Amino acid sequence: MKNLLLGLALALAFESCKTNSQSAALTETFTSDSLHFTMSHPSNWEAFVNPVELNTVAFIEKKVDSQDSYKENIVCWMEEMPLEITDSVFFQASITELKISNPQLQIKKLSPVVLGDHTFSSFTFDYYSKDSNAYEVLGYCMVHGKRGYNFACNSEKKDQQKHHPIFKKMLSTFKPL
């Protein structure tokens, strides 16, 4: 879960703006042999593999409009595990790691959701920047064999409903390799 914090810092560090991404076509495909997955994204988003932690990639909306101050994003990281575990155990471990790292977070577990060919465990929490801007993280977890995948979908709280559809649309194209 340290990658979630890294992802949040990465997302906040980017100078940013939004587009109306809920209707964006998924015209680009990210594939990574090291992360063992492929996923599609709109052309107005870019994929950045973390050069320090190669098991992490951030999909970040490109700057288009100067009216906004935040780029919505999805940070994904893959965890290699020594043995296969269930989705529910991986999900609980992810939530527990978050709570240990950030005891003040009010994490709300959501019902599992089917996106594309996979069922993801999900959760959400809000956080606030130093300048009091409100953000939402919509988290998804799933296990494929001995690999656990975490997705942190980050948006400004005021625009969360506008970005939920694109987050889900992108995750529905996720395919483990």
# chains A, B, ... in the order shown; residues from 1 in each chain; ligands from 1
>>> residues_around(residues="A:Thr38", least_positions_apart="6", cutoff="7 Å", atoms="only C-alpha atoms", output="VMD selection string")
chain A and resid 29 to 32 174 to 176
>>> residues_around(residues="A:Glu84", least_positions_apart="4", cutoff="12 Å", atoms="only C-alpha atoms", output="PDB file with N, CA and C atoms, in the first residue's frame")
ATOM      1  N   GLU A  79       1.474  -6.965  -7.094  1.00  0.00           N
ATOM      2  CA  GLU A  79       2.266  -7.593  -6.036  1.00  0.00           C
ATOM      3  C   GLU A  79       2.422  -9.076  -6.346  1.00  0.00           C
ATOM      4  N   GLU A  80       3.679  -9.527  -6.450  1.00  0.00           N
ATOM      5  CA  GLU A  80       3.972 -10.956  -6.609  1.00  0.00           C
ATOM      6  C   GLU A  80       3.846 -11.598  -5.227  1.00  0.00           C
ATOM      7  N   SER A  88     -10.651 -12.230  -1.351  1.00  0.00           N
ATOM      8  CA  SER A  88     -11.096 -11.625  -0.083  1.00  0.00           C
ATOM      9  C   SER A  88      -9.938 -11.444   0.896  1.00  0.00           C
ATOM     10  N   VAL A  89      -8.997 -12.377   0.935  1.00  0.00           N
ATOM     11  CA  VAL A  89      -7.827 -12.246   1.813  1.00  0.00           C
ATOM     12  C   VAL A  89      -6.933 -11.104   1.314  1.00  0.00           C
ATOM     13  N   PHE A  90      -6.713 -11.037   0.003  1.00  0.00           N
ATOM     14  CA  PHE A  90      -5.896  -9.958  -0.568  1.00  0.00           C
ATOM     15  C   PHE A  90      -6.553  -8.601  -0.298  1.00  0.00           C
ATOM     16  N   MET A 142      -7.855  -7.209  -7.024  1.00  0.00           N
ATOM     17  CA  MET A 142      -8.177  -8.546  -7.537  1.00  0.00           C
ATOM     18  C   MET A 142      -6.915  -9.388  -7.553  1.00  0.00           C
ATOM     19  N   VAL A 143      -7.099 -10.695  -7.535  1.00  0.00           N
ATOM     20  CA  VAL A 143      -5.994 -11.649  -7.574  1.00  0.00           C
ATOM     21  C   VAL A 143      -6.114 -12.467  -8.850  1.00  0.00           C
ATOM     22  N   HIS A 144      -4.958 -12.672  -9.487  1.00  0.00           N
ATOM     23  CA  HIS A 144      -4.884 -13.564 -10.639  1.00  0.00           C
ATOM     24  C   HIS A 144      -3.682 -14.476 -10.405  1.00  0.00           C
ATOM     25  N   GLY A 145      -3.945 -15.731 -10.042  1.00  0.00           N
ATOM     26  CA  GLY A 145      -2.858 -16.654  -9.714  1.00  0.00           C
ATOM     27  C   GLY A 145      -2.095 -16.177  -8.486  1.00  0.00           C
ATOM     28  N   LYS A 146      -0.791 -15.974  -8.626  1.00  0.00           N
ATOM     29  CA  LYS A 146       0.042 -15.517  -7.511  1.00  0.00           C
ATOM     30  C   LYS A 146       0.335 -14.020  -7.610  1.00  0.00           C
ATOM     31  N   ARG A 147      -0.503 -13.307  -8.355  1.00  0.00           N
ATOM     32  CA  ARG A 147      -0.322 -11.862  -8.496  1.00  0.00           C
ATOM     33  C   ARG A 147      -1.562 -11.139  -7.982  1.00  0.00           C
ATOM     34  N   GLY A 148      -1.311 -10.140  -7.153  1.00  0.00           N
ATOM     35  CA  GLY A 148      -2.387  -9.287  -6.677  1.00  0.00           C
ATOM     36  C   GLY A 148      -2.291  -7.941  -7.371  1.00  0.00           C
TER      37      GLY A 148
END
>>> residues_around(residues="stretch 41-56 of chain A", least_positions_apart="4", cutoff="8 Å", atoms="only C-alpha atoms", output="list in words")
Asn3, Ala24, Ala25, Leu26, Thr27, Glu28, Thr29, Phe30, Ser34, Leu35, Ile60, Glu61, Lys62, Val75, Cys76, Trp77, Met78, Glu79 and Met170 of chain A
>>> select_by_dssp(residues="stretch 15-159 of chain A", states="alpha helix (DSSP H)", output="VMD selection string")
chain A and resid 87 to 101
>>> select_by_dssp(residues="chain A", states="strand (DSSP E or B)", output="PyMOL selection string")
chain A and resi 28-32+37-41+45-49+56-61+73-80+108-115+118-128+134-144+147-156+175-176
>>> residues_around(residues="A:Ile107", least_positions_apart="2", cutoff="6 Å", atoms="only C-alpha atoms", output="list of chain:residue names")
A:Leu105, A:Thr124, A:Phe125
>>> write_last_selection(atoms="N, CA and C atoms", output="PDB file, in the first residue's frame")
ATOM      1  N   LEU A 105      -7.683   7.450   8.039  1.00  0.00           N
ATOM      2  CA  LEU A 105      -8.550   7.220   6.884  1.00  0.00           C
ATOM      3  C   LEU A 105      -9.842   6.523   7.305  1.00  0.00           C
ATOM      4  N   THR A 124     -13.581   2.761  -0.891  1.00  0.00           N
ATOM      5  CA  THR A 124     -13.415   4.184  -1.166  1.00  0.00           C
ATOM      6  C   THR A 124     -13.003   4.907   0.107  1.00  0.00           C
ATOM      7  N   PHE A 125     -12.323   6.014  -0.077  1.00  0.00           N
ATOM      8  CA  PHE A 125     -12.054   6.941   1.031  1.00  0.00           C
ATOM      9  C   PHE A 125     -11.772   8.316   0.459  1.00  0.00           C
TER      10      PHE A 125
END
>>> atom_distance(atom1="atom CA of A:Phe120", atom2="atom CA of A:Leu177")
16.9 Å
>>> closest_residue(among="A:Thr86, A:Gln67, A:Ser122, A:Asn73", to="A:Asn154", atoms="only C-alpha atoms")
A:Asn73
>>> closest_residue(among="A:His163, A:Cys141, A:Phe123, A:Met39", to="A:Gln106", atoms="only C-alpha atoms")
A:Phe123
>>> closest_residue(among="A:Ser121, A:Lys109, A:Lys162, A:Lys71", to="A:Asn150", atoms="only C-alpha atoms")
A:Ser121
>>> atom_distance(atom1="atom CA of A:Phe91", atom2="atom CA of A:Glu156")
24.1 Å
>>> closest_residue(among="A:Lys157, A:Lys169, A:His36, A:His164", to="A:Gly116", atoms="only C-alpha atoms")
A:Lys169
>>> decode(residues="stretch 17-69 of chain A", atoms="C-alpha atoms", output="short mmCIF file (atom, residue, chain, number, x, y, z; two decimals), in the first residue's frame")
data_model
loop_
_atom_site.label_atom_id
_atom_site.label_comp_id
_atom_site.auth_asym_id
_atom_site.auth_seq_id
_atom_site.Cartn_x
_atom_site.Cartn_y
_atom_site.Cartn_z
CA CYS A 17 -6.56 19.86 -15.76
CA LYS A 18 -9.60 17.76 -16.67
CA THR A 19 -11.60 16.95 -19.74
CA ASN A 20 -15.03 15.44 -20.08
CA SER A 21 -13.54 11.98 -19.90
CA GLN A 22 -16.66 9.93 -19.29
CA SER A 23 -17.35 9.81 -23.03
CA ALA A 24 -13.72 9.29 -24.04
CA ALA A 25 -13.02 6.37 -26.36
CA LEU A 26 -10.39 3.89 -25.19
CA THR A 27 -8.10 4.16 -28.20
CA GLU A 28 -4.72 3.45 -26.58
CA THR A 29 -3.49 0.19 -25.05
CA PHE A 30 -0.88 -0.11 -22.32
CA THR A 31 0.91 -3.47 -22.13
CA SER A 32 3.59 -4.41 -19.64
CA ASP A 33 5.38 -7.73 -19.45
CA SER A 34 6.88 -6.76 -16.07
CA LEU A 35 3.48 -5.82 -14.60
CA HIS A 36 1.85 -8.79 -16.38
CA PHE A 37 -1.20 -6.97 -17.72
CA THR A 38 -2.71 -4.93 -20.51
CA MET A 39 -5.33 -2.19 -20.19
CA SER A 40 -6.85 0.37 -22.57
CA HIS A 41 -7.11 4.09 -21.93
CA PRO A 42 -8.26 7.22 -23.78
CA SER A 43 -5.78 9.11 -25.94
CA ASN A 44 -6.02 12.06 -23.54
CA TRP A 45 -4.46 9.91 -20.80
CA GLU A 46 -0.81 8.84 -20.51
CA ALA A 47 0.76 5.83 -18.82
CA PHE A 48 3.86 6.41 -16.67
CA VAL A 49 5.74 3.43 -15.24
CA ASN A 50 7.35 4.32 -11.92
CA PRO A 51 11.13 4.26 -12.54
CA VAL A 52 11.82 3.50 -8.86
CA GLU A 53 9.20 0.81 -8.29
CA LEU A 54 8.75 -0.99 -11.58
CA ASN A 55 5.64 -2.78 -10.31
CA THR A 56 3.68 0.51 -10.47
CA VAL A 57 2.11 2.44 -13.34
CA ALA A 58 0.03 5.63 -13.27
CA PHE A 59 -2.54 6.45 -15.94
CA ILE A 60 -2.91 10.23 -15.87
CA GLU A 61 -5.18 12.56 -17.78
CA LYS A 62 -3.30 15.03 -20.00
CA LYS A 63 -3.64 18.79 -19.50
CA VAL A 64 -6.28 20.17 -21.83
CA ASP A 65 -8.10 22.99 -20.05
CA SER A 66 -6.69 25.66 -17.72
CA GLN A 67 -9.92 25.80 -15.68
CA ASP A 68 -9.05 22.89 -13.45
CA SER A 69 -6.21 22.15 -11.05
#
